[in-house]
file final-v7.cif (mmCIF, C-alpha atoms)
data_start
#
loop_
_atom_site.label_atom_id
_atom_site.label_comp_id
_atom_site.auth_asym_id
_atom_site.auth_seq_id
_atom_site.Cartn_x
_atom_site.Cartn_y
_atom_site.Cartn_z
CA PHE A 1 69.70 47.89 183.21
CA LEU A 2 67.97 49.92 185.87
CA ALA A 3 70.18 49.73 188.93
CA CYS A 4 72.00 52.27 191.07
CA GLY A 5 75.50 51.99 189.69
CA PHE A 6 76.76 55.20 191.21
CA THR A 7 80.13 53.65 192.04
CA ASN A 8 80.72 51.87 188.75
CA HIS A 9 82.24 54.32 186.29
CA ASN A 10 84.36 51.64 184.63
CA PHE A 11 82.15 51.61 181.55
CA THR A 12 84.61 49.69 179.42
CA ARG A 13 84.68 48.67 175.77
CA GLU A 14 83.31 45.28 176.81
CA ASN A 15 80.29 47.08 178.24
CA MET A 16 80.04 48.97 174.97
CA LYS A 17 79.14 45.71 173.21
CA LEU A 18 75.98 45.64 175.29
CA LEU A 19 75.37 49.31 174.63
CA ARG A 20 75.64 48.73 170.89
CA SER A 21 72.93 46.09 171.00
CA ILE A 22 70.43 48.53 172.47
CA ALA A 23 71.76 51.89 171.22
CA ALA A 24 70.97 51.30 167.57
CA PRO A 25 67.26 52.08 168.10
CA ILE A 26 68.29 55.39 169.67
CA ALA A 27 70.38 56.18 166.63
CA ALA A 28 67.48 55.45 164.35
CA LEU A 29 64.91 56.96 166.70
CA GLY A 30 62.61 54.26 165.43
CA ILE A 31 61.32 53.22 168.86
CA ALA A 32 61.14 54.74 172.32
CA LEU A 33 64.06 53.00 173.99
CA SER A 34 63.79 53.33 177.76
CA THR A 35 63.75 51.44 180.96
CA VAL A 36 60.42 53.11 181.54
CA ALA A 37 57.83 54.39 179.10
CA VAL A 38 58.42 57.93 177.83
CA PRO A 39 55.19 59.86 178.29
CA GLY A 40 53.91 61.62 175.20
CA VAL A 41 56.18 59.87 172.70
CA ALA A 42 54.53 60.00 169.30
CA HIS A 43 56.52 61.80 166.65
CA ALA A 44 59.02 64.65 166.30
CA ALA A 45 58.15 68.12 167.58
CA ASP A 46 55.19 67.15 169.74
CA LEU A 47 56.82 69.69 172.02
CA THR A 48 59.28 72.07 170.40
CA PRO A 49 62.34 73.70 172.02
CA ALA A 50 60.63 77.09 171.76
CA ALA A 51 57.54 75.79 173.55
CA VAL A 52 59.66 74.30 176.34
CA ALA A 53 61.87 77.38 176.70
CA GLY A 54 59.06 79.90 176.86
CA ASP A 55 60.61 83.22 177.88
CA THR A 56 63.78 81.59 179.29
CA PRO A 57 66.93 83.29 177.91
CA LEU A 58 68.69 80.96 175.48
CA SER A 59 72.26 79.73 175.20
CA THR A 60 74.84 81.20 172.88
CA ILE A 61 76.79 78.58 170.94
CA THR A 62 80.43 78.91 169.90
CA GLU A 63 82.73 76.38 168.24
CA GLY A 64 86.34 75.58 169.12
CA ALA A 65 88.47 75.39 172.26
CA LYS A 66 88.13 78.18 174.83
CA TYR A 67 90.21 79.34 177.77
CA PRO A 68 93.61 78.33 176.33
CA GLY A 69 95.44 79.43 179.48
CA GLU A 70 93.66 76.88 181.65
CA PRO A 71 94.62 73.21 182.02
CA THR A 72 93.60 71.14 179.00
CA PRO A 73 90.72 68.78 179.80
CA ARG A 74 91.54 65.10 179.34
CA TRP A 75 88.74 64.52 176.84
CA ARG A 76 90.02 67.13 174.36
CA ALA A 77 92.68 64.75 173.03
CA TYR A 78 89.93 62.36 171.95
CA VAL A 79 88.19 65.15 170.03
CA ASN A 80 91.40 66.39 168.39
CA ALA A 81 92.28 62.88 167.25
CA ALA A 82 88.84 62.18 165.79
CA ASP A 83 87.11 62.87 162.48
CA ASP A 84 86.42 66.46 161.39
CA ARG A 85 82.76 65.84 162.19
CA VAL A 86 83.68 65.64 165.89
CA LYS A 87 83.78 69.14 167.33
CA GLU A 88 84.31 70.96 170.57
CA MET A 89 81.58 73.51 171.16
CA TRP A 90 80.71 75.76 174.06
CA ALA A 91 77.29 76.89 175.23
CA TYR A 92 76.79 79.84 177.53
CA SER A 93 74.15 79.15 180.19
CA PRO A 94 72.34 82.34 181.28
CA SER A 95 70.85 80.63 184.33
CA MET A 96 74.26 79.50 185.63
CA ASP A 97 76.26 82.39 184.12
CA ARG A 98 78.93 80.01 182.84
CA ASP A 99 80.21 78.45 179.64
CA VAL A 100 79.66 74.70 179.32
CA PRO A 101 81.87 72.62 176.99
CA LEU A 102 80.23 70.15 174.64
CA VAL A 103 81.61 67.29 172.58
CA VAL A 104 79.47 67.20 169.44
CA ILE A 105 79.44 64.49 166.80
CA THR A 106 77.80 66.04 163.77
CA ALA A 107 75.80 64.30 161.08
CA ASP A 108 76.93 64.31 157.47
CA GLU A 109 75.67 67.62 156.06
CA SER A 110 74.81 66.01 152.75
CA ALA A 111 72.17 63.88 154.46
CA GLY A 112 70.03 66.88 155.33
CA PRO A 113 68.42 67.46 158.75
CA ARG A 114 69.07 64.63 161.22
CA PRO A 115 68.08 63.77 164.84
CA VAL A 116 70.00 64.74 167.97
CA ILE A 117 71.02 62.39 170.77
CA TYR A 118 71.97 63.94 174.11
CA LEU A 119 74.36 61.73 176.11
CA LEU A 120 74.90 62.65 179.77
CA ASN A 121 78.04 61.59 181.65
CA GLY A 122 78.58 59.80 184.96
CA GLY A 123 79.35 61.19 188.42
CA ASP A 124 82.16 63.60 187.58
CA GLY A 125 80.28 65.02 184.62
CA GLY A 126 83.14 64.27 182.25
CA GLU A 127 85.53 66.51 184.14
CA GLY A 128 87.34 63.33 185.16
CA ALA A 129 87.07 59.98 183.38
CA ALA A 130 83.41 59.06 184.01
CA ASN A 131 82.30 59.96 180.52
CA TRP A 132 81.18 58.44 177.24
CA VAL A 133 84.13 59.84 175.28
CA MET A 134 86.88 58.25 177.37
CA GLN A 135 85.24 55.03 178.50
CA THR A 136 83.50 53.88 175.33
CA ASP A 137 84.04 54.03 171.58
CA VAL A 138 80.96 56.22 171.27
CA ILE A 139 82.67 58.54 168.75
CA ASP A 140 83.43 55.80 166.24
CA PHE A 141 80.08 54.15 166.86
CA TYR A 142 77.95 57.23 166.18
CA LEU A 143 80.04 58.54 163.30
CA GLU A 144 78.66 55.54 161.41
CA LYS A 145 75.04 56.29 162.38
CA ASN A 146 74.80 59.74 160.75
CA VAL A 147 73.07 61.44 163.67
CA ASN A 148 74.06 64.41 165.80
CA VAL A 149 75.32 63.53 169.28
CA VAL A 150 75.79 66.10 172.05
CA ILE A 151 77.75 65.31 175.23
CA PRO A 152 78.03 68.05 177.90
CA MET A 153 81.48 67.76 179.50
CA GLU A 154 80.83 69.43 182.85
CA GLY A 155 78.28 69.05 185.64
CA LYS A 156 80.11 66.97 188.23
CA PHE A 157 77.96 65.51 191.04
CA SER A 158 75.04 67.69 189.97
CA TYR A 159 72.63 64.99 188.75
CA TYR A 160 72.10 67.51 185.93
CA THR A 161 69.16 68.95 187.82
CA ASP A 162 68.10 72.34 189.18
CA TRP A 163 69.25 72.75 192.78
CA VAL A 164 67.35 74.55 195.51
CA GLN A 165 70.62 75.87 197.01
CA GLU A 166 73.92 77.03 195.56
CA ASN A 167 77.06 75.03 196.26
CA ALA A 168 80.43 76.75 196.11
CA ALA A 169 82.32 73.45 195.80
CA LEU A 170 80.49 72.74 192.55
CA GLY A 171 80.92 76.24 191.15
CA GLY A 172 77.86 78.07 192.45
CA LYS A 173 74.47 77.81 190.77
CA GLN A 174 73.43 74.37 189.56
CA MET A 175 70.63 74.85 187.02
CA TRP A 176 71.34 71.94 184.72
CA GLU A 177 67.76 71.03 183.86
CA THR A 178 67.06 74.61 182.84
CA PHE A 179 70.22 74.62 180.75
CA LEU A 180 69.86 71.20 179.09
CA VAL A 181 66.12 71.35 178.41
CA LYS A 182 65.28 75.05 177.98
CA GLU A 183 68.40 77.06 177.14
CA LEU A 184 70.42 74.67 174.97
CA PRO A 185 68.23 72.69 172.52
CA GLY A 186 66.81 75.57 170.49
CA PRO A 187 70.03 77.33 169.46
CA LEU A 188 72.12 74.17 169.33
CA GLU A 189 69.70 72.18 167.20
CA ALA A 190 69.42 75.14 164.85
CA GLU A 191 73.22 75.22 164.61
CA LEU A 192 73.23 71.49 163.81
CA ASN A 193 70.37 71.70 161.28
CA ALA A 194 68.49 69.09 163.31
CA ASP A 195 65.15 67.66 162.24
CA GLY A 196 63.18 68.07 165.48
CA GLN A 197 63.69 64.51 166.72
CA ARG A 198 65.72 64.03 169.90
CA ALA A 199 66.73 61.31 172.34
CA ILE A 200 68.46 61.34 175.71
CA ALA A 201 70.54 58.70 177.49
CA GLY A 202 72.56 58.68 180.70
CA MET A 203 74.80 56.36 182.67
CA SER A 204 75.14 56.00 186.43
CA MET A 205 74.41 59.43 187.98
CA SER A 206 72.86 60.82 184.81
CA ALA A 207 70.86 57.65 184.18
CA THR A 208 68.53 59.04 186.83
CA THR A 209 68.37 62.32 184.93
CA SER A 210 67.58 60.65 181.61
CA LEU A 211 64.44 59.27 183.25
CA LEU A 212 63.44 62.55 184.90
CA PHE A 213 63.62 64.87 181.88
CA PRO A 214 61.13 62.92 179.70
CA GLN A 215 58.75 62.73 182.67
CA HIS A 216 59.02 66.46 183.30
CA TYR A 217 58.54 67.35 179.60
CA PRO A 218 56.23 64.76 177.98
CA GLY A 219 56.48 64.85 174.19
CA PHE A 220 59.88 66.53 174.06
CA TYR A 221 62.00 63.37 173.68
CA ASP A 222 61.32 60.67 171.12
CA ALA A 223 63.43 58.12 173.00
CA ALA A 224 65.23 57.76 176.32
CA ALA A 225 67.61 55.26 177.88
CA SER A 226 68.92 54.74 181.41
CA PHE A 227 72.06 52.69 182.04
CA SER A 228 72.45 51.87 185.75
CA GLY A 229 70.36 54.66 187.20
CA CYS A 230 68.06 55.18 190.20
CA ALA A 231 64.43 55.81 189.30
CA SER A 232 62.73 56.17 192.68
CA THR A 233 65.07 58.62 194.36
CA SER A 234 62.67 59.56 197.17
CA GLN A 235 62.82 56.04 198.63
CA PRO A 236 65.18 55.43 201.59
CA LEU A 237 67.81 53.27 199.86
CA PRO A 238 68.17 55.36 196.67
CA TRP A 239 68.31 58.46 198.89
CA GLU A 240 71.39 56.95 200.50
CA TYR A 241 72.88 56.41 197.04
CA LEU A 242 72.29 60.10 196.31
CA LYS A 243 74.06 61.01 199.53
CA LEU A 244 77.09 58.87 198.68
CA THR A 245 77.38 60.33 195.19
CA LEU A 246 76.90 63.93 196.27
CA ASP A 247 79.33 63.51 199.16
CA ARG A 248 82.08 63.13 196.54
CA GLY A 249 81.29 66.71 195.52
CA ASN A 250 81.01 68.07 199.08
CA ALA A 251 77.28 68.40 198.60
CA THR A 252 74.07 66.94 200.07
CA PRO A 253 70.69 65.82 198.67
CA GLU A 254 69.07 68.57 200.73
CA GLN A 255 71.11 71.20 198.87
CA MET A 256 69.99 69.67 195.60
CA TRP A 257 66.29 68.92 196.16
CA GLY A 258 65.51 69.89 199.74
CA PRO A 259 64.39 67.37 202.39
CA ARG A 260 63.26 63.91 201.36
CA GLY A 261 59.50 63.94 201.04
CA GLY A 262 59.50 67.70 200.59
CA GLU A 263 58.04 69.86 197.84
CA VAL A 264 60.75 69.00 195.26
CA ASN A 265 61.54 65.40 196.16
#

call {"tool": "encode", "arguments": {"input": "final-v7.cif", "output": "structure tokens"}}
result
Amino acid sequence: FLACGFTNHNFTRENMKLLRSIAAPIAALGIALSTVAVPGVAHAADLTPAAVAGDTPLSTITEGAKYPGEPTPRWRAYVNAADDRVKEMWAYSPSMDRDVPLVVITADESAGPRPVIYLLNGGDGGEGAANWVMQTDVIDFYLEKNVNVVIPMEGKFSYYTDWVQENAALGGKQMWETFLVKELPGPLEAELNADGQRAIAGMSMSATTSLLFPQHYPGFYDAAASFSGCASTSQPLPWEYLKLTLDRGNATPEQMWGPRGGEVN
């Protein structure tokens, strides 16, 4: 499933049938599901959130809708119509100085501590329709699996990575790797009473990210999956895919990672 499906955000319920067939191992965290091997995978807490974060300031987690005066995001209706275990949460990111909305499917409290699965959205970061909530039946599917699922609902055209330059069109600082790997897991997993096991999966744009994070932090993720992502982004053709995706956000690969073949990429 490793392709560069940057233009295909029509991740329909028919596609979900395929996802179901390979998502169950993520839910169970019984094997390392990935299109590539996840370095350092052994057991939970090989690398803890505190060890990854170091002295990085951590997120502050709040529950419930925020900013009532602003336009209602399209995904909120799916949360409001769902089970009580489906919640809207917000995490403040110190590195980006912004609040990031999260759709969180919580495990049954009576089951005790459970794993966490981080699902990253497609090109528009969930701010449009390229997201797991609106294009799949991920809520119903994971409510039956009794795991915690966390879906950030912003981050359009960011590749959920740390950028070398700011971009006003995308809201200023883009420090998504810092947020998702260092700032968020510790406080959020404590809030969810998680058991120290975690997985990450992405589709399209973020399917590249779901390969990068486990490589950057070996031992932090117990499983990873990439659905239609680009693995070798420094090569000429994938670089062009990056350009096409980022162009939709009035951004460039150079703003994100610097020149191709440079220090970052």

call {"tool": "resolve_selection", "arguments": {"input": "final-v7.cif", "expression": "the PyMOL selection byres ((chain A and resi 179) around 10)", "output": "ChimeraX atom specification"}}
result
/A:53,56-59,91-96,100,160-162,174-178,180-185

call {"tool": "closest_residue", "arguments": {"input": "final-v7.cif", "among": "A:Asp55, A:Glu88, A:Glu144, A:Glu154", "to": "A:Leu120", "atoms": "only C-alpha atoms"}}
result
A:Glu154

call {"tool": "resolve_selection", "arguments": {"input": "final-v7.cif", "expression": "the PyMOL selection byres ((chain A and resi 107) around 10)", "output": "PyMOL selection string"}}
result
chain A and resi 85-86+104-106+108-116+142-149+192-194

call {"tool": "write_last_selection", "arguments": {"input": "final-v7.cif", "atoms": "C-alpha atoms", "output": "PDB file, in the frame of the given file"}}
result
ATOM      1  CA  ARG A  85      82.760  65.840 162.190  1.00  0.00           C
ATOM      2  CA  VAL A  86      83.680  65.640 165.890  1.00  0.00           C
ATOM      3  CA  VAL A 104      79.470  67.200 169.440  1.00  0.00           C
ATOM      4  CA  ILE A 105      79.440  64.490 166.800  1.00  0.00           C
ATOM      5  CA  THR A 106      77.800  66.040 163.770  1.00  0.00           C
ATOM      6  CA  ASP A 108      76.930  64.310 157.470  1.00  0.00           C
ATOM      7  CA  GLU A 109      75.670  67.620 156.060  1.00  0.00           C
ATOM      8  CA  SER A 110      74.810  66.010 152.750  1.00  0.00           C
ATOM      9  CA  ALA A 111      72.170  63.880 154.460  1.00  0.00           C
ATOM     10  CA  GLY A 112      70.030  66.880 155.330  1.00  0.00           C
ATOM     11  CA  PRO A 113      68.420  67.460 158.750  1.00  0.00           C
ATOM     12  CA  ARG A 114      69.070  64.630 161.220  1.00  0.00           C
ATOM     13  CA  PRO A 115      68.080  63.770 164.840  1.00  0.00           C
ATOM     14  CA  VAL A 116      70.000  64.740 167.970  1.00  0.00           C
ATOM     15  CA  TYR A 142      77.950  57.230 166.180  1.00  0.00           C
ATOM     16  CA  LEU A 143      80.040  58.540 163.300  1.00  0.00           C
ATOM     17  CA  GLU A 144      78.660  55.540 161.410  1.00  0.00           C
ATOM     18  CA  LYS A 145      75.040  56.290 162.380  1.00  0.00           C
ATOM     19  CA  ASN A 146      74.800  59.740 160.750  1.00  0.00           C
ATOM     20  CA  VAL A 147      73.070  61.440 163.670  1.00  0.00           C
ATOM     21  CA  ASN A 148      74.060  64.410 165.800  1.00  0.00           C
ATOM     22  CA  VAL A 149      75.320  63.530 169.280  1.00  0.00           C
ATOM     23  CA  LEU A 192      73.230  71.490 163.810  1.00  0.00           C
ATOM     24  CA  ASN A 193      70.370  71.700 161.280  1.00  0.00           C
ATOM     25  CA  ALA A 194      68.490  69.090 163.310  1.00  0.00           C
TER      26      ALA A 194
END

call {"tool": "residues_around", "arguments": {"input": "final-v7.cif", "residues": "stretch 231-244 of chain A", "least_positions_apart": "4", "cutoff": "6 Å", "atoms": "only C-alpha atoms", "output": "CSV table (one decimal) with C-alpha atoms, keeping the file's coordinate frame"}}
result
chain,number,residue,atom,x,y,z
A,208,THR,CA,68.5,59.0,186.8
A,252,THR,CA,74.1,66.9,200.1
A,253,PRO,CA,70.7,65.8,198.7

call {"tool": "closest_residue", "arguments": {"input": "final-v7.cif", "among": "A:Met256, A:Val79, A:Ala223, A:Ala168", "to": "A:Val138", "atoms": "all atoms listed in the file"}}
result
A:Val79

call {"tool": "closest_residue", "arguments": {"input": "final-v7.cif", "among": "A:Pro187, A:Gly196, A:Gly126, A:Gly202", "to": "A:Gly155", "atoms": "all atoms listed in the file"}}
result
A:Gly126

call {"tool": "atom_distance", "arguments": {"input": "final-v7.cif", "atom1": "atom CA of A:Gly54", "atom2": "atom CA of A:Leu188"}}
result
16.1 Å

call {"tool": "closest_residue", "arguments": {"input": "final-v7.cif", "among": "A:Ile117, A:Leu47, A:Ile151, A:Cys230", "to": "A:Met134", "atoms": "all atoms listed in the file"}}
result
A:Ile151

call {"tool": "atom_distance", "arguments": {"input": "final-v7.cif", "atom1": "atom CA of A:Ala129", "atom2": "atom CA of A:Tyr78"}}
result
12.0 Å

call {"tool": "closest_residue", "arguments": {"input": "final-v7.cif", "among": "A:Asp84, A:Asp137, A:Glu263, A:Asp124", "to": "A:Met205", "atoms": "all atoms listed in the file"}}
result
A:Asp124

call {"tool": "residues_around", "arguments": {"input": "final-v7.cif", "residues": "A:Lys156", "least_positions_apart": "5", "cutoff": "7 Å", "atoms": "all atoms listed in the file", "output": "PyMOL selection string"}}
result
chain A and resi 123-125+127

call {"tool": "atom_distance", "arguments": {"input": "final-v7.cif", "atom1": "atom CA of A:Asn80", "atom2": "atom CA of A:Gly128"}}
result
17.5 Å

call {"tool": "closest_residue", "arguments": {"input": "final-v7.cif", "among": "A:Ile139, A:Ala130, A:Leu119, A:Leu211", "to": "A:Ala81", "atoms": "only C-alpha atoms"}}
result
A:Ile139

call {"tool": "axis_aligned_box", "arguments": {"input": "final-v7.cif", "around": "stretch 110-116 of chain A", "padding_each_side": "8 Å", "output": "AutoDock Vina command-line options"}}
result
--center_x 71.4 --center_y 65.6 --center_z 160.4 --size_x 22.7 --size_y 19.7 --size_z 31.2

call {"tool": "resolve_selection", "arguments": {"input": "final-v7.cif", "expression": "the PyMOL selection byres ((chain A and resi 165-167) around 9)", "output": "MDAnalysis selection string"}}
result
chainID A and resid 162:164 168:174 250:251 254:258

call {"tool": "residues_around", "arguments": {"input": "final-v7.cif", "residues": "A:Tyr67", "least_positions_apart": "6", "cutoff": "12 Å", "atoms": "all atoms listed in the file", "output": "PDB file with C-alpha atoms, in the frame of the given file"}}
result
ATOM      1  CA  PRO A  73      90.720  68.780 179.800  1.00  0.00           C
ATOM      2  CA  TRP A  90      80.710  75.760 174.060  1.00  0.00           C
ATOM      3  CA  ASP A  99      80.210  78.450 179.640  1.00  0.00           C
ATOM      4  CA  VAL A 100      79.660  74.700 179.320  1.00  0.00           C
ATOM      5  CA  PRO A 101      81.870  72.620 176.990  1.00  0.00           C
TER       6      PRO A 101
END

call {"tool": "decode", "arguments": {"input": "final-v7.cif", "residues": "stretch 241-260 of chain A", "atoms": "N, CA and C atoms", "output": "short mmCIF file (atom, residue, chain, number, x, y, z; two decimals), in the first residue's frame"}}
result
data_model
loop_
_atom_site.label_atom_id
_atom_site.label_comp_id
_atom_site.auth_asym_id
_atom_site.auth_seq_id
_atom_site.Cartn_x
_atom_site.Cartn_y
_atom_site.Cartn_z
N TYR A 241 5.96 15.22 -5.92
CA TYR A 241 4.70 14.98 -5.23
C TYR A 241 4.58 15.93 -4.03
N LEU A 242 5.68 16.10 -3.30
CA LEU A 242 5.68 17.04 -2.18
C LEU A 242 5.30 18.44 -2.66
N LYS A 243 5.90 18.85 -3.76
CA LYS A 243 5.63 20.18 -4.29
C LYS A 243 4.17 20.36 -4.64
N LEU A 244 3.58 19.35 -5.27
CA LEU A 244 2.17 19.43 -5.66
C LEU A 244 1.26 19.52 -4.45
N THR A 245 1.56 18.72 -3.43
CA THR A 245 0.74 18.75 -2.21
C THR A 245 0.89 20.09 -1.50
N LEU A 246 2.11 20.54 -1.31
CA LEU A 246 2.35 21.77 -0.57
C LEU A 246 1.85 22.99 -1.32
N ASP A 247 1.83 22.92 -2.65
CA ASP A 247 1.32 24.03 -3.44
C ASP A 247 -0.14 24.34 -3.10
N ARG A 248 -0.88 23.31 -2.71
CA ARG A 248 -2.28 23.51 -2.31
C ARG A 248 -2.38 24.36 -1.05
N GLY A 249 -1.31 24.42 -0.27
CA GLY A 249 -1.28 25.25 0.93
C GLY A 249 -0.43 26.49 0.78
N ASN A 250 -0.13 26.86 -0.47
CA ASN A 250 0.74 28.03 -0.74
C ASN A 250 2.08 27.91 -0.01
N ALA A 251 2.64 26.72 -0.10
CA ALA A 251 3.90 26.45 0.56
C ALA A 251 4.81 25.69 -0.39
N THR A 252 6.08 25.52 0.00
CA THR A 252 7.06 24.82 -0.83
C THR A 252 7.83 23.80 0.02
N PRO A 253 8.39 22.76 -0.61
CA PRO A 253 9.24 21.82 0.14
C PRO A 253 10.43 22.50 0.79
N GLU A 254 10.95 23.55 0.15
CA GLU A 254 12.10 24.26 0.72
C GLU A 254 11.72 24.94 2.04
N GLN A 255 10.49 25.46 2.13
CA GLN A 255 10.04 26.05 3.40
C GLN A 255 9.93 24.97 4.48
N MET A 256 9.56 23.78 4.07
CA MET A 256 9.36 22.70 5.02
C MET A 256 10.68 22.09 5.48
N TRP A 257 11.51 21.65 4.53
CA TRP A 257 12.72 20.89 4.86
C TRP A 257 14.00 21.50 4.31
N GLY A 258 13.91 22.65 3.66
CA GLY A 258 15.10 23.19 3.02
C GLY A 258 15.32 22.54 1.67
N PRO A 259 16.44 22.81 1.01
CA PRO A 259 16.69 22.30 -0.34
C PRO A 259 16.82 20.78 -0.36
N ARG A 260 16.39 20.17 -1.47
CA ARG A 260 16.55 18.74 -1.62
C ARG A 260 18.03 18.37 -1.60
#
